[in-house]
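A quick write-up on the structure given underneath.
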Amino acid sequence: MKILAVAEQRENKFKKPAFEVVHTARKIADQTGGEAIALVIGSQIQSMAAELGGYGAHRIIAVDEPRLEKYSSTAYSKVIAEIAKKEQASVVLIAATAMGKDCAPRAAVKLDAGIGSECIALKTEGSDITATRPVYGGKALTDIKINSAIKVFTLRPNVFASGDSSENKAEVEKAEIPLAESDFSSVTVETLQASEKLDVAEADIVVSGGRGLKAAENFKMVEELANTLGGAVGASRAVVDAGWRPHSEQVGQTGKTVSPTLYIAIAISGAIQHLAGMSSSKYIVAINKDKDAPIFQAADYGIVADAFEIVPALTRELKKITGK
Amino acid sequence: MKLAVCINHVPDTAAKINISADGKNIDKTGVNFVFNPYDEYAVEECLRLKEKNGGEVIAVSLGSDANKETLRKALAMGVDKAVLLKDDSPRDSFSVARALADYLKEISPDVIFFGKQSVDSDSAVVGVMVAEMLGLPSVSVAVKLEISNGSAVVEREIEGGKEKIRTSLPAVFTAQKGLNEPRYPSLKGIMAAKSKPIEEKIPAAVQPKVDVIALRKPASKSAGKIVGTDIGAVPELVRLLHEEAKVV
Ligand SMILES: Cc1cc2nc3c(=O)[nH]c(=O)nc-3n(C[C@H](O)[C@H](O)[C@H](O)COP(=O)(O)OP(=O)(O)OC[C@H]3O[C@@H](n4cnc5c(N)ncnc54)[C@H](O)[C@@H]3O)c2cc1C
Ligand SMILES: Nc1ncnc2c1ncn2[C@@H]1O[C@H](COP(=O)(O)O)[C@@H](O)[C@H]1O
């Protein structure tokens, strides 16, 4: 069985989800006696592609051409589908990032494949794969099987291990996919980077603040705690609606889905729509002065006290460990 | 300009979810169904495009008679025509997309809008799938849209920023929060919607590609440990994070 892992790059850099899909492909390959093939799409990406061998790719395919420098849903999905067909892959893994979620459904239709999106677990039995994905805002989980010949799964970032492997033998193979002008009917003309700030959806540690913080300027202590931990700042919708923080930081049903290793919720009540965005975090810490706040039901560790006292103290205490 | 918008009828995000006896669906008893939140942004954007460029807005929903409630609300917001693709059986994303694509092909709109995702299946795939089935370009998770001279420039949300996409028309877009502020139906709109017909069509049956093996509740976390109730708890919390959880 061949497993194709699409390793996303932006500005010729890989981010963690790329390694996670490659490593997951390798794990499935090991369980099924198959082959893990990493695919990199872009321009001038041949040399960077070699890095993927270190994450378990048996083979690495680079589709390298100038027009692919920036993301195009039509062109990228065509490349994915054409390579999957050429290699006769039976499974295609794509990270459930902004890019992956945009091109995966298109690639699936081209391959006449069923798709399981935002999977948080894949279980292999023989050549059979059962995927688990959260539904109803995380209030339920569903186990699904895809019955088409080719199966496409997008994997929620930060959930699957990216563990590196020491072997790094795979050579980068160059593949050509002929692309017509019409394959670029939609193209990225510009990337507007909000800032160099770490995005909540990508961070391994997220520190979020809620309405209980009372004012925009009080997020300073949230930022300090996040900086100390090397994490990103998140926010509840109440805070975003109040204009204290940008929507790009909103965690929850109408914001971003995050699953960091550590999520710290400060003065957030833990409404069901907030939980929808963060309940798959590995460890959850809640700081809230109301002992009955629902966030404590989701938390691993809680402190029932005033955030204005606890957060600065927590930052000081953590600095002793992180040395920052 | 012909505008089409696909809207889903879904459990209220605040609804408690219980699993039905077959272990594959939700138990709908007592569950309040609503207009899929993202689809409100999609409807609003179509109405604004119509107000600017003229034309008509057609709302489509696939599902049971219950979906008429949401279609009725779309009519009240101001869409010109509502169509129910009537099907009572559960469908996977692929077969939903196929049915919507079949209908949309018949009416060939210039702009087709979807929500970013249904808050029941949380798949976020149907819009882009329909685009591919119709051979049209698409931009998903749109937060800003400008249309001029047969092409569109769209901003979509990505990690750490936005990307600006240029696409030819006709095209498919999926709406994210932030695109606009959906209007409330006016009283006049609500009254007018009552007498507007909802056209019904029977979509072709499609073999699903995804089989649900089980729907289940997540293993409930044993309620967390309250480390303390004052500042004295901070060192202990840090110790737990460092030594027990090993996350800092
Ligand atoms: C369709 C829909 C979608 C939604 N999407 C989202 C979403 O994406 N994300 C989201 O977050 N919400 C979402 N919501 C809103 C959600 O229901 C809640 O209203 C929101 O999460 C509340 O934000 P909060 O916890 O910051 O505020 P509140 O609920 O007001 O909670 C404030 C908390 O702070 C505590 N507090 C106050 N002062 C202090 C102090 N000094 N120290 C410590 N604790 C203190 C209080 O005890 C309270 O628990 C959505 C709602 C709907 C209907
Ligand atoms: N049954 C349906 N009827 C009409 N539109 C739908 C239906 N299901 C999904 N959609 C549309 O597709 C979008 C994405 O849905 P999904 O891929 O299910 O998350 C929704 O926001 C709707 O615009």
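Scheme for the structure tokens: letters A, B, ... for chains in order shown; per-chain residue numbers from 1; ligand numbers from 1 in order shown.
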
> Within 8 Å of ligand 1, counting only C-alpha atoms and all ligand atoms: which residues, as JSON, numbers by chain?
Replying inline: {"A": [209, 210, 211, 212, 213, 214, 235, 236, 237, 238, 239, 250, 251, 252, 253, 254, 255, 256, 266, 267, 268, 269, 270, 271, 272, 273, 274, 275, 276, 277, 287, 288, 289, 290, 291, 293, 294, 295, 304, 305, 306, 307, 308], "B": [12, 13, 14, 37]}

Only N, CA and C atoms, please: the residues just picked out, written as a short mmCIF file (atom, residue, chain, number, x, y, z; two decimals), in the first residue's frame.
data_model
loop_
_atom_site.label_atom_id
_atom_site.label_comp_id
_atom_site.auth_asym_id
_atom_site.auth_seq_id
_atom_site.Cartn_x
_atom_site.Cartn_y
_atom_site.Cartn_z
N GLY A 209 -7.24 34.56 27.05
CA GLY A 209 -7.93 35.37 28.04
C GLY A 209 -9.38 35.57 27.68
N GLY A 210 -10.22 35.77 28.70
CA GLY A 210 -11.65 35.96 28.48
C GLY A 210 -12.14 37.28 29.04
N ARG A 211 -13.45 37.42 28.99
CA ARG A 211 -14.11 38.66 29.38
C ARG A 211 -13.79 39.08 30.82
N GLY A 212 -13.49 38.08 31.65
CA GLY A 212 -13.17 38.38 33.05
C GLY A 212 -11.95 39.28 33.20
N LEU A 213 -11.19 39.47 32.13
CA LEU A 213 -10.02 40.34 32.21
C LEU A 213 -10.40 41.81 32.11
N LYS A 214 -11.63 42.05 31.77
CA LYS A 214 -12.25 43.39 31.88
C LYS A 214 -11.81 44.48 30.91
N ALA A 235 -8.02 34.10 22.53
CA ALA A 235 -9.07 34.89 23.15
C ALA A 235 -10.42 34.21 23.00
N SER A 236 -11.33 34.53 23.90
CA SER A 236 -12.70 34.04 23.75
C SER A 236 -13.44 35.00 22.82
N ARG A 237 -14.60 34.57 22.36
CA ARG A 237 -15.36 35.43 21.45
C ARG A 237 -15.81 36.72 22.13
N ALA A 238 -16.12 36.64 23.41
CA ALA A 238 -16.59 37.83 24.12
C ALA A 238 -15.55 38.95 24.01
N VAL A 239 -14.28 38.53 24.08
CA VAL A 239 -13.18 39.47 24.04
C VAL A 239 -12.99 40.03 22.62
N GLN A 250 -9.23 34.39 17.99
CA GLN A 250 -10.40 33.75 18.63
C GLN A 250 -10.34 32.24 18.54
N VAL A 251 -10.54 31.61 19.69
CA VAL A 251 -10.56 30.16 19.77
C VAL A 251 -12.01 29.73 19.96
N GLY A 252 -12.44 28.74 19.18
CA GLY A 252 -13.79 28.23 19.38
C GLY A 252 -14.50 27.95 18.08
N GLN A 253 -15.77 27.66 18.24
CA GLN A 253 -16.59 27.27 17.10
C GLN A 253 -16.51 28.24 15.92
N THR A 254 -16.58 29.53 16.19
CA THR A 254 -16.50 30.50 15.10
C THR A 254 -15.12 31.13 15.02
N GLY A 255 -14.18 30.54 15.71
CA GLY A 255 -12.81 31.00 15.63
C GLY A 255 -11.93 29.87 15.17
N LYS A 256 -10.80 29.71 15.81
CA LYS A 256 -9.89 28.65 15.38
C LYS A 256 -9.97 27.44 16.28
N ILE A 266 -7.69 31.77 30.93
CA ILE A 266 -7.72 32.73 32.02
C ILE A 266 -9.00 33.56 31.96
N ALA A 267 -9.79 33.50 33.01
CA ALA A 267 -11.04 34.28 33.09
C ALA A 267 -11.95 34.01 31.89
N ILE A 268 -11.99 32.73 31.52
CA ILE A 268 -12.89 32.27 30.45
C ILE A 268 -13.87 31.29 31.10
N SER A 269 -15.16 31.48 30.84
CA SER A 269 -16.14 30.63 31.54
C SER A 269 -16.15 29.20 31.03
N GLY A 270 -15.83 29.02 29.72
CA GLY A 270 -15.82 27.67 29.18
C GLY A 270 -17.14 27.31 28.54
N ALA A 271 -17.72 28.29 27.82
CA ALA A 271 -18.96 28.02 27.07
C ALA A 271 -18.69 26.92 26.06
N ILE A 272 -19.77 26.20 25.73
CA ILE A 272 -19.64 25.04 24.84
C ILE A 272 -18.96 25.43 23.52
N GLN A 273 -19.24 26.65 23.03
CA GLN A 273 -18.64 27.05 21.75
C GLN A 273 -17.15 27.37 21.90
N HIS A 274 -16.74 27.71 23.10
CA HIS A 274 -15.30 27.90 23.32
C HIS A 274 -14.62 26.54 23.41
N LEU A 275 -15.25 25.64 24.15
CA LEU A 275 -14.70 24.29 24.32
C LEU A 275 -14.53 23.60 22.96
N ALA A 276 -15.44 23.91 22.03
CA ALA A 276 -15.38 23.29 20.70
C ALA A 276 -14.03 23.53 20.05
N GLY A 277 -13.40 24.64 20.38
CA GLY A 277 -12.15 24.98 19.72
C GLY A 277 -10.91 24.52 20.43
N ILE A 287 -7.89 29.17 35.04
CA ILE A 287 -7.80 30.12 36.16
C ILE A 287 -9.07 30.96 36.11
N ASN A 288 -9.90 30.80 37.14
CA ASN A 288 -11.19 31.47 37.13
C ASN A 288 -11.64 31.66 38.57
N LYS A 289 -12.25 32.79 38.85
CA LYS A 289 -12.62 33.00 40.26
C LYS A 289 -13.93 32.32 40.64
N ASP A 290 -14.63 31.82 39.64
CA ASP A 290 -15.89 31.13 39.92
C ASP A 290 -15.66 29.62 39.91
N LYS A 291 -15.80 28.99 41.06
CA LYS A 291 -15.48 27.56 41.14
C LYS A 291 -16.45 26.72 40.28
N ALA A 293 -17.47 27.53 37.26
CA ALA A 293 -17.32 27.80 35.82
C ALA A 293 -17.11 26.48 35.07
N PRO A 294 -17.84 26.28 33.96
CA PRO A 294 -17.74 25.00 33.23
C PRO A 294 -16.33 24.66 32.75
N ILE A 295 -15.48 25.66 32.61
CA ILE A 295 -14.12 25.40 32.14
C ILE A 295 -13.40 24.41 33.05
N VAL A 304 -8.84 28.30 41.51
CA VAL A 304 -10.04 29.12 41.69
C VAL A 304 -9.63 30.38 42.43
N ALA A 305 -9.32 31.42 41.68
CA ALA A 305 -8.89 32.67 42.31
C ALA A 305 -8.90 33.79 41.29
N ASP A 306 -8.55 34.97 41.76
CA ASP A 306 -8.54 36.15 40.91
C ASP A 306 -7.35 36.10 39.93
N ALA A 307 -7.66 36.18 38.66
CA ALA A 307 -6.62 36.10 37.64
C ALA A 307 -5.59 37.22 37.79
N PHE A 308 -6.03 38.36 38.26
CA PHE A 308 -5.10 39.49 38.37
C PHE A 308 -3.99 39.22 39.39
N ASP B 12 -28.59 23.64 16.96
CA ASP B 12 -28.10 24.82 17.66
C ASP B 12 -26.77 24.46 18.33
N THR B 13 -25.78 25.37 18.23
CA THR B 13 -24.47 25.02 18.81
C THR B 13 -24.54 24.80 20.32
N ALA B 14 -25.58 25.35 20.94
CA ALA B 14 -25.68 25.17 22.39
C ALA B 14 -26.42 23.88 22.76
N PRO B 37 -24.65 28.80 11.25
CA PRO B 37 -24.15 30.17 11.45
C PRO B 37 -23.33 30.74 10.28
#

>> Distance cut-off 7 Å, counting only C-alpha atoms - which residues of chain A neighbour chain B? Return them as a count of residues only.
In response: 57

> Which residue out of A:Ala62, A:Val79, A:Met99, A:Ile150 has the minimum interatomic distance to Arg10 (chain A) when only C-alpha atoms are used?
Replying inline: A:Met99

>> For the structure I just gave you, how does DSSP split region 14-248 of chain B - specifically, which residues are strand (DSSP E or B)? Reply as a PyMOL selection string.
In response: chain B and resi 19+26+33-35+56-63+81-86+111-115+138-148+151-158+161-168+171-175+198-201+210-216+225-228

Save the residues we just selected, C-alpha atoms, as an mmCIF file, in the first residue's frame?
data_model
loop_
_atom_site.group_PDB
_atom_site.id
_atom_site.type_symbol
_atom_site.label_atom_id
_atom_site.label_comp_id
_atom_site.auth_asym_id
_atom_site.auth_seq_id
_atom_site.Cartn_x
_atom_site.Cartn_y
_atom_site.Cartn_z
ATOM 1 C CA ILE B 19 -26.520 9.528 20.573
ATOM 2 C CA ILE B 26 -27.775 11.944 17.042
ATOM 3 C CA PHE B 33 -32.314 23.218 14.730
ATOM 4 C CA VAL B 34 -31.086 26.517 13.342
ATOM 5 C CA PHE B 35 -29.639 28.281 10.312
ATOM 6 C CA GLU B 56 -31.287 37.497 -8.102
ATOM 7 C CA VAL B 57 -30.340 35.325 -5.145
ATOM 8 C CA ILE B 58 -31.391 31.684 -4.994
ATOM 9 C CA ALA B 59 -31.069 29.769 -1.715
ATOM 10 C CA VAL B 60 -30.738 25.989 -1.794
ATOM 11 C CA SER B 61 -30.886 23.507 1.029
ATOM 12 C CA LEU B 62 -30.698 19.749 0.947
ATOM 13 C CA GLY B 63 -32.536 17.857 3.636
ATOM 14 C CA LYS B 81 -36.148 32.166 -4.374
ATOM 15 C CA ALA B 82 -35.765 29.117 -2.146
ATOM 16 C CA VAL B 83 -35.283 25.534 -3.259
ATOM 17 C CA LEU B 84 -35.452 22.421 -1.094
ATOM 18 C CA LEU B 85 -33.672 19.360 -2.421
ATOM 19 C CA LYS B 86 -35.789 16.986 -0.460
ATOM 20 C CA VAL B 111 -21.397 33.376 -7.948
ATOM 21 C CA ILE B 112 -22.058 30.467 -5.598
ATOM 22 C CA PHE B 113 -21.731 30.941 -1.877
ATOM 23 C CA PHE B 114 -21.375 28.422 0.926
ATOM 24 C CA GLY B 115 -20.598 28.722 4.604
ATOM 25 C CA SER B 138 -13.054 28.531 -5.501
ATOM 26 C CA VAL B 139 -11.839 30.501 -2.542
ATOM 27 C CA SER B 140 -12.608 29.141 0.894
ATOM 28 C CA VAL B 141 -12.745 30.887 4.282
ATOM 29 C CA ALA B 142 -13.316 34.298 2.670
ATOM 30 C CA VAL B 143 -13.258 37.360 4.911
ATOM 31 C CA LYS B 144 -13.330 40.020 2.191
ATOM 32 C CA LEU B 145 -14.631 39.977 -1.359
ATOM 33 C CA GLU B 146 -14.500 42.438 -4.210
ATOM 34 C CA ILE B 147 -15.965 41.757 -7.611
ATOM 35 C CA SER B 148 -15.208 43.738 -10.744
ATOM 36 C CA SER B 151 -13.139 38.534 -11.685
ATOM 37 C CA ALA B 152 -12.949 38.618 -7.908
ATOM 38 C CA VAL B 153 -10.251 39.469 -5.411
ATOM 39 C CA VAL B 154 -10.788 37.708 -2.140
ATOM 40 C CA GLU B 155 -9.010 37.692 1.174
ATOM 41 C CA ARG B 156 -8.983 34.401 2.998
ATOM 42 C CA GLU B 157 -7.776 33.607 6.467
ATOM 43 C CA ILE B 158 -4.596 31.595 6.825
ATOM 44 C CA GLY B 161 -2.430 36.323 8.408
ATOM 45 C CA LYS B 162 -4.426 36.412 5.214
ATOM 46 C CA GLU B 163 -3.858 35.662 1.599
ATOM 47 C CA LYS B 164 -5.269 37.599 -1.268
ATOM 48 C CA ILE B 165 -6.564 35.436 -4.102
ATOM 49 C CA ARG B 166 -7.602 36.495 -7.551
ATOM 50 C CA THR B 167 -10.104 34.286 -9.275
ATOM 51 C CA SER B 168 -12.057 34.320 -12.495
ATOM 52 C CA ALA B 171 -16.615 30.944 -8.908
ATOM 53 C CA VAL B 172 -17.449 29.387 -5.571
ATOM 54 C CA PHE B 173 -16.750 31.063 -2.223
ATOM 55 C CA THR B 174 -17.090 29.872 1.346
ATOM 56 C CA ALA B 175 -17.842 32.463 4.018
ATOM 57 C CA ILE B 198 -40.440 26.995 -1.582
ATOM 58 C CA GLU B 199 -39.722 24.943 -4.664
ATOM 59 C CA GLU B 200 -39.135 21.246 -4.000
ATOM 60 C CA LYS B 201 -36.985 18.888 -6.008
ATOM 61 C CA VAL B 210 -17.861 7.487 3.772
ATOM 62 C CA ASP B 211 -19.518 5.040 6.146
ATOM 63 C CA VAL B 212 -20.170 5.968 9.735
ATOM 64 C CA ILE B 213 -19.066 3.135 11.980
ATOM 65 C CA ALA B 214 -19.995 4.848 15.211
ATOM 66 C CA LEU B 215 -20.971 8.138 16.738
ATOM 67 C CA ARG B 216 -19.983 8.425 20.361
ATOM 68 C CA LYS B 225 -7.776 18.803 39.899
ATOM 69 C CA ILE B 226 -8.310 22.078 41.712
ATOM 70 C CA VAL B 227 -4.766 22.897 42.714
ATOM 71 C CA GLY B 228 -5.763 25.671 45.083
#

> Do you know which residues are at most 9 Å from Glu223 (chain A) counting only C-alpha atoms, after dropping those on the same chain fewer than 6 positions away, and could you put them as a list in words?
Replying inline: Val207, Gly231, Ala232 and Val233 of chain A

Non-local contacts of region 65-75 of chain B (6 Å; only C-alpha atoms; under 4 positions in same chain excluded) as a short mmCIF file (atom, residue, chain, number, x, y, z; two decimals) with all heavy atoms, in the first residue's frame:
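Output below, filename out01.cif:
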data_model
loop_
_atom_site.label_atom_id
_atom_site.label_comp_id
_atom_site.auth_asym_id
_atom_site.auth_seq_id
_atom_site.Cartn_x
_atom_site.Cartn_y
_atom_site.Cartn_z
N HIS B 9 -29.23 23.31 7.67
CA HIS B 9 -30.11 23.42 8.83
C HIS B 9 -29.51 22.47 9.87
O HIS B 9 -29.46 21.26 9.64
CB HIS B 9 -31.51 22.98 8.37
CG HIS B 9 -32.60 23.17 9.35
ND1 HIS B 9 -33.00 24.41 9.77
CD2 HIS B 9 -33.41 22.26 9.97
CE1 HIS B 9 -34.02 24.26 10.62
NE2 HIS B 9 -34.28 22.97 10.75
N PHE B 35 -30.36 27.86 11.51
CA PHE B 35 -29.64 28.28 10.31
C PHE B 35 -28.15 28.08 10.60
O PHE B 35 -27.64 28.62 11.58
CB PHE B 35 -29.92 29.79 10.16
CG PHE B 35 -29.84 30.36 8.80
CD1 PHE B 35 -30.97 30.93 8.20
CD2 PHE B 35 -28.64 30.38 8.10
CE1 PHE B 35 -30.89 31.51 6.94
CE2 PHE B 35 -28.56 30.95 6.85
CZ PHE B 35 -29.68 31.51 6.26
N VAL B 79 -33.65 36.79 0.16
CA VAL B 79 -33.36 36.04 -1.06
C VAL B 79 -34.63 35.95 -1.90
O VAL B 79 -35.74 36.02 -1.39
CB VAL B 79 -32.75 34.63 -0.81
CG1 VAL B 79 -31.60 34.69 0.17
CG2 VAL B 79 -33.79 33.65 -0.36
N ALA B 193 -42.07 36.61 3.41
CA ALA B 193 -41.52 35.26 3.26
C ALA B 193 -42.59 34.20 3.46
O ALA B 193 -42.53 33.11 2.87
CB ALA B 193 -40.38 35.05 4.25
#

> Using the chain letters and numbers from this document, which residues of region 112-271 of chain A does DSSP assign to helix (DSSP H, G or I), as a PyMOL selection string?
Replying inline: chain A and resi 136-138+181-184+211-213+216-229+237-241+247-249

Output C-alpha atoms for every residue in the selection just made, as a PDB file, in the first residue's frame.
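Generated output (result.pdb):
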ATOM      1  CA  TYR A 136     -20.880  18.825  16.672  1.00  0.00           C
ATOM      2  CA  GLY A 137     -18.165  21.160  17.891  1.00  0.00           C
ATOM      3  CA  GLY A 138     -16.350  18.360  19.681  1.00  0.00           C
ATOM      4  CA  GLU A 181      -3.121  28.250 -17.957  1.00  0.00           C
ATOM      5  CA  SER A 182      -6.635  27.159 -16.978  1.00  0.00           C
ATOM      6  CA  ASP A 183      -5.237  25.285 -13.976  1.00  0.00           C
ATOM      7  CA  PHE A 184      -4.430  28.666 -12.484  1.00  0.00           C
ATOM      8  CA  ARG A 211     -14.111  38.665  29.385  1.00  0.00           C
ATOM      9  CA  GLY A 212     -13.167  38.379  33.046  1.00  0.00           C
ATOM     10  CA  LEU A 213     -10.016  40.337  32.214  1.00  0.00           C
ATOM     11  CA  ALA A 216      -7.894  45.256  26.450  1.00  0.00           C
ATOM     12  CA  GLU A 217      -4.880  46.573  28.362  1.00  0.00           C
ATOM     13  CA  ASN A 218      -5.124  43.742  30.873  1.00  0.00           C
ATOM     14  CA  PHE A 219      -4.061  41.350  28.141  1.00  0.00           C
ATOM     15  CA  LYS A 220      -0.543  42.554  28.789  1.00  0.00           C
ATOM     16  CA  MET A 221      -0.221  39.984  31.548  1.00  0.00           C
ATOM     17  CA  VAL A 222      -1.585  37.301  29.219  1.00  0.00           C
ATOM     18  CA  GLU A 223       1.038  38.258  26.644  1.00  0.00           C
ATOM     19  CA  GLU A 224       3.786  38.130  29.245  1.00  0.00           C
ATOM     20  CA  LEU A 225       2.741  34.673  30.343  1.00  0.00           C
ATOM     21  CA  ALA A 226       2.571  33.526  26.711  1.00  0.00           C
ATOM     22  CA  ASN A 227       6.015  34.979  25.987  1.00  0.00           C
ATOM     23  CA  THR A 228       7.503  33.268  29.007  1.00  0.00           C
ATOM     24  CA  LEU A 229       6.200  29.964  27.706  1.00  0.00           C
ATOM     25  CA  ARG A 237     -15.358  35.425  21.451  1.00  0.00           C
ATOM     26  CA  ALA A 238     -16.594  37.833  24.120  1.00  0.00           C
ATOM     27  CA  VAL A 239     -13.177  39.468  24.037  1.00  0.00           C
ATOM     28  CA  VAL A 240     -13.018  39.597  20.248  1.00  0.00           C
ATOM     29  CA  ASP A 241     -16.550  41.005  20.021  1.00  0.00           C
ATOM     30  CA  HIS A 247     -10.555  37.755  15.371  1.00  0.00           C
ATOM     31  CA  SER A 248      -7.448  35.873  14.257  1.00  0.00           C
ATOM     32  CA  GLU A 249      -6.887  35.021  17.924  1.00  0.00           C
TER      33      GLU A 249
END

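You will find CA of Ser281 (chain A) at 23.6 Å from atom 18 (O, counted along the ligand's line) of ligand 2.
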
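Nearest to ligand 2 of all the residues B:Ser89, B:Asn8, B:Thr29, B:Ser195 is B:Asn8, based on only C-alpha atoms and all ligand atoms.
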
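Residue nearest ligand 2 within the list A:Ile129, A:Ile205, A:Ala265, A:Ala104: A:Ala104 [criterion: smallest interatomic distance, only C-alpha atoms and all ligand atoms].
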